[in-house]
Structure formats: C-alpha cells, structure tokens
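Structure, as structure tokens:
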Amino acid sequence: MMNRVFLACLLVLTVSGADAQTTVVRAGKLIDPETGRAVTNQMIVVEGEKITAVGANLAVPKGATVVDLSDFTILPGLVDSHTHLGLTYKDIPENNYYYLTYVMESTPLRAIQAASNGIQLLNSGFTVVRDLGNNALYTDTAHRVAVEQGWIPGPTIINSGLIIGGMGGQFWPTPEMAKQHNIVYPEYLDADTPDEIVKAVRENMLFGAKIIKICVDCKPWGYTADEMRLFIREAAKGGLKVAGHVQTPEGASRAIEAGLWSIEHGMALSEEHHKLMAQKGIYLASTDTPFTAYSGSKEAFEGIVTKLKSAWKNGVKITFSTDMDYWKTGNDMNRGELTINFLLTWKAAGIPNADILKAMTVTGYECAQIEKERGPIKPGMFADMIAVKGNPLDDIDALRDVRFVMKNGMVFKRDGVMTPEKFFHAGPVNGWRKR
Ligand SMILES: [Zn+2]
C-alpha cells in the first residue's frame, strides 16, 4: 500500500513539468500548410503543452495569458529533415576537412555545440529536426534527452545515433584508426555482414536512436538491396525506419529497390529515380546547398536546382533539408540563419511558396513520423508554432524573420527576442525516465 501511494506521488510530480498555464494566442492570419490556405482572426487556446481549441471569437478562459499576434501570420514550426547539430567543421583550422574536426573536438565539446545549435535553430523557427549522425559518440541522444527531460530548450530531435556503414563508413581510415577504433571512430559503426548489421541496428536502438541511418554506397561495394532489407526488418522490431545516405546512381537504384524510408542527398538521383521514389512513396532529403559567399559553387548549384525541380515535378515527397554542418571564419550568420538560407535553392528551382512551406512542415513531420503529435495547429496537438510579419504564401522570405516561437506551449521567443527562461530547469522536470 505504502508503495502504491509513493508511486502515485511520483507520477503526479513527473507529469507537471511544463507550465500548466493557459495561453491564448490571437492570430491575424493562421496558415494551414496542408491546404496552403490562411484564415484570418483566429484564437488558439493552449493549455500546458497542448492546443485545446482553435477558432474565431472563442471565450478567453479565466486567468489565461493573452499573446496578441493580430498583426502577424501564425504557422506550425519548421522542420529541417537532415542536419548535424553536433558537427561544425571550419575553414580554420581544419580547412573544411571534417576528419580533423573529429580528431580535434571531443564528444563533450560537440554536445555543447549541439545544444547551442539547437537553440539557434529554434530561434529561426525550426521546432523539429532529423539529426542524422556525425555527432561523435551519441551527442545526439544526449541532446534529445536533455530537451525531452526539460533541461534546455531545443527542437524535437529525431536522431540516428552512429551512422552504420561497411568498415570505415564514409572514411578511408588508416589501418591504425580502423583496427584500434581509437581515433575518429565514434562517427561510424562498422557492419559488413548480416550478423554485424543486426548487431549494429540493435546497438543504435539501445543507445537511443530514433531512426537508423546507413551509408548505402560510401564504398564501391556498398550494401545490396537484400542487406538493406535486413536493416529495414531489424529496425522495424524497434519501430524505427531506415534513412540511406546515397551518393551514386547505382546506390540510389538499390536503395529504392529495397524501399528505404528516406534517401539522403539528391545529387546522384536521375529523373527515373524520382519517378520510382514517387511511386514507392520514399521521402527525399536532398540537402540542397545554396550558392553563397560561404558555400557551394555556381556549377554545383545549377545541378542541385535542376534535380530539386525534377523531384518536385515528379511528385516525390520532398522535405526541406540542409546537411548544415559548417561555418566560415568571418561569416556572422548563426546556425538558424544558415539553415533558413537554403530557401535560396528552393526559390531558384521555381517551386511555389505553398509547396516549399509544405516541404518545411507537413512532409517534414511525416518523414520524422511525428505528424500525429506535432504539426497542424489543431486541438490535441503539441503547441508548437511560429509567427512572422508577412505571409509566406505570398513571399517565402517572410520566414527569414521569425518574431515569435512557441514550443510545447511555452514561449521561446517574442517580439523577435529569445525569452527561453521557462525552458531551463535544474533537474529533469519532465521525468528522468525519458531516454
Ligand atoms: Zn548529412
């Protein structure tokens, strides 16, 4: 009996992490990215972490805080479907050679960088990310857990843990590195045989991965379609999907044949691949690098734009994705600004604003498999939303100036200024069991 009472108390304590406060947000315009339409003068009622009502002329509940955004457009938070929050390679000192980043920066340092990058992304309206590896020894799991337990603000993170590949992963390591596994090795998990594939998938699930990321063709031998089916079957036991890094046309064909959940990077895909992906409903995170003073080349950019346009025209489930993992000395853009700057590529591809917005929200939520909990601004969903001054359906660049961010019902940013104090706690207020 005593035990049961004690347990009941514990449950009450762990449920009340977020402010149980009621907030009413007045929206000048409210966008539904699914339909590409905006309605005017809406009220959004938020209780604790969830949206409880949306409509015009609702009664303001007693004691509610009213946030007046009647001069603004409200929309769901944005999704970056392929990023690396725990990696930032630089021109100085490593000459953009990310092997060196792995040697020079420890897992703890990279975890702190990830926490900072997550805050910078929230500041730019990204409330969800798929964080797909190259995050040292599971900084991505630690980051996700820290956000979920309530220590720090950050986006909802769907993380991959270590990238699984044939021996060496994306590297061509020296025998000293590969056999001792002491240097740069946390970045990849070797799996060359069926037994190793099963073991690697289980190891990642044990250490907190929410999606399995594999190197399809980082080596000339790569994975066969059958080996990828084994990954898919094993990951499914833990409810996880498989995302594949693809860099060759042959690898793309095998990945599509195997039916991976998502294909990462679009550079090796032909129009034929796009058609097959659309048929099979495979998500694309094409990581469409813009041509800027700090990134890309004109030639590469033209290729990326052509491929993104083809994917869109052929009806592929395209997500907004960046592979954002670098920084250049002297460039004062923060990680959020660098991420939203990928709009340059989408605009150059001539994709309509409503479809860009869909890739950044609806399709991103589905690809992250959280569309039943987060995304639409509707009763029952987590209260994640952002506000901008203009209307992104008319001018997508309106998304570059996010004035207000709410995550899990808590205001992270208002009047264009970060106000994250409600997110910081001295303990795991949402429960230490989250892992
Ligand atoms: Zn990547």
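By convention here, the chains of the structure tokens are called A, B, ... in the order presented, each chain's residues are numbered starting at 1, and ligands are numbered starting at 1 in the order presented.
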Quick one: residues within 8 Å of ligand 1, with only C-alpha atoms and all ligand atoms, as a list in words? His82, Thr83, His84, Leu132, Gly133, Asn134, His245, Glu264, His265, Thr287, Thr322, Asp323, Met324 and Asp325 of chain A
Alpha helix (DSSP H) call set, DSSP backbone run, segment 246-376 of chain A, as a VMD selection string: chain A and resid 249 to 258 271 to 280 298 to 313 335 to 340 343 to 348 353 to 360 362 to 367
Pro420 of chain A proximity check over A:Ser295, A:Asn204, A:Gln120, A:Thr35, using only C-alpha atoms: winner is A:Gln120
Residues at most 8 Å from Asp91 of chain A, counting only C-alpha atoms, excluding those fewer than 4 positions away in the same chain, as an mmCIF file with N, CA and C atoms, in the first residue's frame?
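Output file part.cif is given in full below:
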data_model
loop_
_atom_site.group_PDB
_atom_site.id
_atom_site.type_symbol
_atom_site.label_atom_id
_atom_site.label_comp_id
_atom_site.auth_asym_id
_atom_site.auth_seq_id
_atom_site.Cartn_x
_atom_site.Cartn_y
_atom_site.Cartn_z
ATOM 1 N N ASN A 95 40.591 23.479 -42.432
ATOM 2 C CA ASN A 95 40.465 23.607 -43.884
ATOM 3 C C ASN A 95 39.266 22.809 -44.413
ATOM 4 N N ASN A 96 38.171 22.866 -43.674
ATOM 5 C CA ASN A 96 36.917 22.184 -44.019
ATOM 6 C C ASN A 96 37.047 20.671 -44.146
ATOM 7 N N TRP A 327 30.922 26.112 -40.905
ATOM 8 C CA TRP A 327 30.960 27.529 -40.565
ATOM 9 C C TRP A 327 32.219 28.123 -41.161
ATOM 10 N N LYS A 328 32.114 29.367 -41.631
ATOM 11 C CA LYS A 328 33.274 30.001 -42.248
ATOM 12 C C LYS A 328 33.685 31.209 -41.427
ATOM 13 N N THR A 329 34.976 31.316 -41.163
ATOM 14 C CA THR A 329 35.508 32.447 -40.402
ATOM 15 C C THR A 329 35.034 33.763 -41.013
#
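Shell of segment 183-196 of chain A at 8 Å, with only C-alpha atoms counted and residues fewer than 6 places along the chain excluded, is Tyr99, Tyr102, Val103, Gly133, Asn134, Asn135, Ala136, Leu137, Leu162, Ile163, Ile164, Gly165, Gly166, Met167, Gly168, Gly169, Gln170, Met177, Glu227 and Leu230 of chain A.
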According to DSSP computed on the backbone, where in segment 63-252 of chain A is there strand (DSSP E or B)? Give the residues as a short mmCIF file (atom, residue, chain, number, x, y, z; two decimals) with N, CA and C atoms, in the first residue's frame.
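This is the output file out_38.cif:
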data_model
loop_
_atom_site.label_atom_id
_atom_site.label_comp_id
_atom_site.auth_asym_id
_atom_site.auth_seq_id
_atom_site.Cartn_x
_atom_site.Cartn_y
_atom_site.Cartn_z
N THR A 65 -3.20 33.86 -20.11
CA THR A 65 -2.32 34.91 -20.64
C THR A 65 -2.67 35.08 -22.12
N VAL A 66 -2.87 36.32 -22.56
CA VAL A 66 -3.20 36.54 -23.97
C VAL A 66 -1.96 37.08 -24.68
N VAL A 67 -1.59 36.40 -25.78
CA VAL A 67 -0.48 36.87 -26.62
C VAL A 67 -1.11 37.43 -27.89
N ASP A 68 -0.97 38.73 -28.07
CA ASP A 68 -1.63 39.36 -29.20
C ASP A 68 -0.72 39.38 -30.43
N LEU A 69 -1.03 38.53 -31.39
CA LEU A 69 -0.25 38.50 -32.63
C LEU A 69 -1.18 38.80 -33.80
N SER A 70 -2.12 39.75 -33.56
CA SER A 70 -3.10 40.03 -34.62
C SER A 70 -2.50 40.75 -35.82
N ASP A 71 -1.26 41.24 -35.68
CA ASP A 71 -0.58 41.81 -36.85
C ASP A 71 0.35 40.81 -37.53
N PHE A 72 0.25 39.53 -37.12
CA PHE A 72 1.22 38.55 -37.61
C PHE A 72 0.52 37.33 -38.22
N THR A 73 1.33 36.57 -38.96
CA THR A 73 0.86 35.30 -39.51
C THR A 73 1.43 34.17 -38.67
N ILE A 74 0.55 33.26 -38.24
CA ILE A 74 0.99 32.11 -37.42
C ILE A 74 0.99 30.87 -38.29
N LEU A 75 2.00 30.04 -38.08
CA LEU A 75 2.06 28.77 -38.80
C LEU A 75 2.77 27.75 -37.92
N PRO A 76 2.67 26.45 -38.28
CA PRO A 76 3.38 25.44 -37.49
C PRO A 76 4.89 25.69 -37.55
N LEU A 78 8.88 24.91 -38.16
CA LEU A 78 9.51 24.38 -39.37
C LEU A 78 10.34 23.13 -39.04
N VAL A 79 10.62 22.34 -40.09
CA VAL A 79 11.38 21.10 -39.94
C VAL A 79 12.60 21.13 -40.86
N ASP A 80 13.79 20.86 -40.30
CA ASP A 80 14.96 20.55 -41.13
C ASP A 80 15.13 19.04 -41.07
N SER A 81 14.90 18.38 -42.20
CA SER A 81 14.85 16.91 -42.20
C SER A 81 16.22 16.25 -42.31
N HIS A 82 17.28 17.03 -42.40
CA HIS A 82 18.63 16.42 -42.41
C HIS A 82 19.63 17.46 -41.93
N THR A 83 20.05 17.30 -40.69
CA THR A 83 21.08 18.21 -40.19
C THR A 83 22.03 17.43 -39.28
N TYR A 89 32.33 21.81 -39.01
CA TYR A 89 33.72 21.89 -39.49
C TYR A 89 33.95 23.28 -40.08
N LYS A 90 35.20 23.69 -40.05
CA LYS A 90 35.52 25.09 -40.29
C LYS A 90 36.67 25.23 -41.27
N PHE A 126 12.72 26.61 -36.33
CA PHE A 126 12.79 25.16 -36.57
C PHE A 126 12.50 24.44 -35.26
N THR A 127 11.32 23.84 -35.18
CA THR A 127 10.91 23.16 -33.95
C THR A 127 11.13 21.65 -34.02
N VAL A 128 11.50 21.16 -35.20
CA VAL A 128 11.78 19.73 -35.38
C VAL A 128 13.00 19.56 -36.28
N VAL A 129 13.89 18.63 -35.93
CA VAL A 129 14.98 18.26 -36.84
C VAL A 129 15.15 16.75 -36.85
N ARG A 130 15.59 16.24 -38.00
CA ARG A 130 16.17 14.90 -38.01
C ARG A 130 17.68 15.11 -37.97
N ASP A 131 18.31 14.59 -36.93
CA ASP A 131 19.73 14.81 -36.71
C ASP A 131 20.44 13.51 -37.07
N THR A 156 12.42 19.43 -31.28
CA THR A 156 12.18 17.99 -31.16
C THR A 156 13.18 17.30 -32.07
N ILE A 157 13.91 16.33 -31.53
CA ILE A 157 15.03 15.75 -32.27
C ILE A 157 14.74 14.28 -32.60
N ILE A 158 14.80 13.95 -33.89
CA ILE A 158 14.73 12.56 -34.32
C ILE A 158 16.16 12.21 -34.71
N ASN A 159 16.83 11.44 -33.85
CA ASN A 159 18.27 11.26 -34.04
C ASN A 159 18.63 9.85 -34.49
N ILE A 163 26.18 6.57 -37.60
CA ILE A 163 25.88 6.13 -38.97
C ILE A 163 26.47 4.73 -39.14
N ILE A 164 25.65 3.82 -39.68
CA ILE A 164 26.13 2.44 -39.88
C ILE A 164 26.58 2.28 -41.33
N GLY A 165 27.78 1.73 -41.49
CA GLY A 165 28.29 1.50 -42.84
C GLY A 165 29.20 0.29 -42.86
N TYR A 188 31.27 6.40 -36.92
CA TYR A 188 30.65 5.32 -37.70
C TYR A 188 30.64 4.01 -36.94
N LEU A 189 29.66 3.19 -37.29
CA LEU A 189 29.53 1.86 -36.72
C LEU A 189 29.71 0.88 -37.87
N ASP A 190 30.74 0.05 -37.78
CA ASP A 190 31.04 -0.90 -38.86
C ASP A 190 30.04 -2.05 -38.88
N ILE A 212 17.33 4.79 -38.07
CA ILE A 212 18.61 4.16 -38.41
C ILE A 212 19.13 4.80 -39.69
N LYS A 213 20.39 5.26 -39.64
CA LYS A 213 20.99 5.89 -40.83
C LYS A 213 22.12 5.00 -41.33
N ILE A 214 22.08 4.70 -42.62
CA ILE A 214 23.13 3.84 -43.17
C ILE A 214 23.83 4.53 -44.35
N CYS A 215 25.07 4.12 -44.57
CA CYS A 215 25.83 4.51 -45.76
C CYS A 215 25.51 3.48 -46.84
N VAL A 242 14.51 3.36 -41.79
CA VAL A 242 15.91 3.43 -42.22
C VAL A 242 16.09 4.53 -43.26
N ALA A 243 17.03 5.42 -42.97
CA ALA A 243 17.40 6.50 -43.89
C ALA A 243 18.74 6.14 -44.52
N GLY A 244 18.87 6.35 -45.82
CA GLY A 244 20.10 5.96 -46.50
C GLY A 244 20.83 7.11 -47.14
N HIS A 245 22.09 7.28 -46.74
CA HIS A 245 22.98 8.22 -47.45
C HIS A 245 23.31 7.60 -48.81
#
List the neighbours of segment 394-403 of chain A out to 6 Å using only C-alpha atoms; skip same-chain residues closer than 4 positions along the sequence, and give me the result as a PyMOL selection string. chain A and resi 124+353+387-388+390+414-416
Work out how far atom CA of Ile119 of chain A is from atom CA of Ile152 of chain A, in Å to one decimal.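 We find that atom CA of Ile152 of chain A and atom CA of Ile119 of chain A lie 8.6 Å from each other.
Checking A:Cys218, A:Ile318, A:Val362, A:Leu240 one by one against Trp346 of chain A, counting only C-alpha atoms, you find the shortest gap at A:Ile318.
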Which of A:Thr107, A:Gln247, A:Thr52, A:Asn341 sits closest to Phe320 of chain A [using only C-alpha atoms]: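 Of A:Thr107, A:Gln247, A:Thr52, A:Asn341, the one nearest Phe320 of chain A is A:Asn341, counting only C-alpha atoms.
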Considering only C-alpha atoms, tabulate each residue of segment 83-152 of chain A that lies at most 12 Å from segment 422-431 of chain A along with its nearest interatomic pair and the corresponding distance in Å to one decimal; arrange the rows by chain and ascending residue number and present them as a tab-separated table.
residue	atom	partner	partner_atom	distance
A:Ile119	CA	A:Phe423	CA	10.8
A:Val145	CA	A:Pro428	CA	9.5
A:Ala146	CA	A:Pro428	CA	8.0
A:Val147	CA	A:Phe423	CA	8.7
A:Glu148	CA	A:Asn430	CA	7.0
A:Gln149	CA	A:Asn430	CA	4.7
A:Gly150	CA	A:Pro428	CA	5.5
A:Trp151	CA	A:His425	CA	5.1
A:Ile152	CA	A:Phe424	CA	5.0
Write out as an NGL selection string each polymer residue whose atoms come within 12 Å of Ala235 of chain A, counting only C-alpha atoms; drop sequence neighbours fewer than 4 positions from it. :A and (160 or 197-206 or 209-214 or 228-231 or 239-243 or 260-261)
Can you work out the spacing between atom CA of Met406 of chain A and atom CA of Thr361 of chain A in Å, to one decimal?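 Calculated distance between atom CA of Met406 of chain A and atom CA of Thr361 of chain A is 15.2 Å.
For the residues A:Gly55, A:Lys50, A:Lys317, A:Tyr97, ranking by smallest atom-to-atom distance to Gly281 of chain A using only C-alpha atoms places A:Lys317 first.
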Near-Gly266 of chain A list (10 Å; only C-alpha atoms; drop same-chain fewer than 6 positions) as an NGL selection string: :A and (245-248 or 252 or 274 or 284-288 or 303-304 or 307-308 or 311)
Convert the current residue selection to file output with N, CA and C atoms, as a PDB file, in the first residue's frame.
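Result saved to again04.pdb:
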ATOM      1  N   HIS A 245      22.094   7.283 -46.742  1.00  0.00           N
ATOM      2  CA  HIS A 245      22.985   8.218 -47.448  1.00  0.00           C
ATOM      3  C   HIS A 245      23.313   7.603 -48.810  1.00  0.00           C
ATOM      4  N   VAL A 246      23.033   8.352 -49.877  1.00  0.00           N
ATOM      5  CA  VAL A 246      23.218   7.849 -51.238  1.00  0.00           C
ATOM      6  C   VAL A 246      24.077   8.829 -52.030  1.00  0.00           C
ATOM      7  N   GLN A 247      25.107   8.304 -52.708  1.00  0.00           N
ATOM      8  CA  GLN A 247      25.968   9.215 -53.481  1.00  0.00           C
ATOM      9  C   GLN A 247      26.286   8.720 -54.885  1.00  0.00           C
ATOM     10  N   THR A 248      25.724   7.553 -55.286  1.00  0.00           N
ATOM     11  CA  THR A 248      25.938   7.070 -56.660  1.00  0.00           C
ATOM     12  C   THR A 248      24.587   6.645 -57.256  1.00  0.00           C
ATOM     13  N   ALA A 252      21.550   4.546 -55.465  1.00  0.00           N
ATOM     14  CA  ALA A 252      20.175   5.065 -55.444  1.00  0.00           C
ATOM     15  C   ALA A 252      19.203   3.984 -55.918  1.00  0.00           C
ATOM     16  N   HIS A 274      13.542   9.641 -59.474  1.00  0.00           N
ATOM     17  CA  HIS A 274      12.473  10.450 -58.878  1.00  0.00           C
ATOM     18  C   HIS A 274      11.106   9.809 -59.122  1.00  0.00           C
ATOM     19  N   LEU A 284      12.432  12.211 -49.710  1.00  0.00           N
ATOM     20  CA  LEU A 284      13.722  12.719 -50.186  1.00  0.00           C
ATOM     21  C   LEU A 284      14.184  13.867 -49.282  1.00  0.00           C
ATOM     22  N   ALA A 285      15.384  13.696 -48.738  1.00  0.00           N
ATOM     23  CA  ALA A 285      16.041  14.806 -48.024  1.00  0.00           C
ATOM     24  C   ALA A 285      17.267  15.149 -48.845  1.00  0.00           C
ATOM     25  N   SER A 286      17.069  16.014 -49.847  1.00  0.00           N
ATOM     26  CA  SER A 286      18.099  16.152 -50.883  1.00  0.00           C
ATOM     27  C   SER A 286      19.234  17.095 -50.500  1.00  0.00           C
ATOM     28  N   THR A 287      19.129  17.768 -49.357  1.00  0.00           N
ATOM     29  CA  THR A 287      20.180  18.652 -48.820  1.00  0.00           C
ATOM     30  C   THR A 287      20.707  19.603 -49.902  1.00  0.00           C
ATOM     31  N   ASP A 288      19.874  20.610 -50.197  1.00  0.00           N
ATOM     32  CA  ASP A 288      20.068  21.452 -51.385  1.00  0.00           C
ATOM     33  C   ASP A 288      20.889  22.701 -51.085  1.00  0.00           C
ATOM     34  N   GLY A 303      23.237  22.248 -60.888  1.00  0.00           N
ATOM     35  CA  GLY A 303      22.865  20.825 -60.854  1.00  0.00           C
ATOM     36  C   GLY A 303      21.848  20.540 -59.751  1.00  0.00           C
ATOM     37  N   ILE A 304      22.091  21.120 -58.576  1.00  0.00           N
ATOM     38  CA  ILE A 304      21.203  20.891 -57.420  1.00  0.00           C
ATOM     39  C   ILE A 304      19.805  21.430 -57.720  1.00  0.00           C
ATOM     40  N   LYS A 307      17.908  19.183 -60.181  1.00  0.00           N
ATOM     41  CA  LYS A 307      17.448  17.937 -59.557  1.00  0.00           C
ATOM     42  C   LYS A 307      16.284  18.171 -58.594  1.00  0.00           C
ATOM     43  N   LEU A 308      16.361  19.273 -57.839  1.00  0.00           N
ATOM     44  CA  LEU A 308      15.264  19.567 -56.902  1.00  0.00           C
ATOM     45  C   LEU A 308      13.964  19.817 -57.681  1.00  0.00           C
ATOM     46  N   ALA A 311      12.576  16.526 -58.887  1.00  0.00           N
ATOM     47  CA  ALA A 311      11.936  15.779 -57.787  1.00  0.00           C
ATOM     48  C   ALA A 311      10.549  16.340 -57.521  1.00  0.00           C
TER      49      ALA A 311
END
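Shortest separation to Ile282 of chain A among A:Ala53, A:Ile356, A:Val25, A:Cys367 occurs at residue A:Cys367, atoms counted being only C-alpha atoms.
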Among the residues A:Val305, A:Asn331, A:Val316, A:Lys372, the one that comes closest to Thr345 of chain A [using only C-alpha atoms]: A:Val305
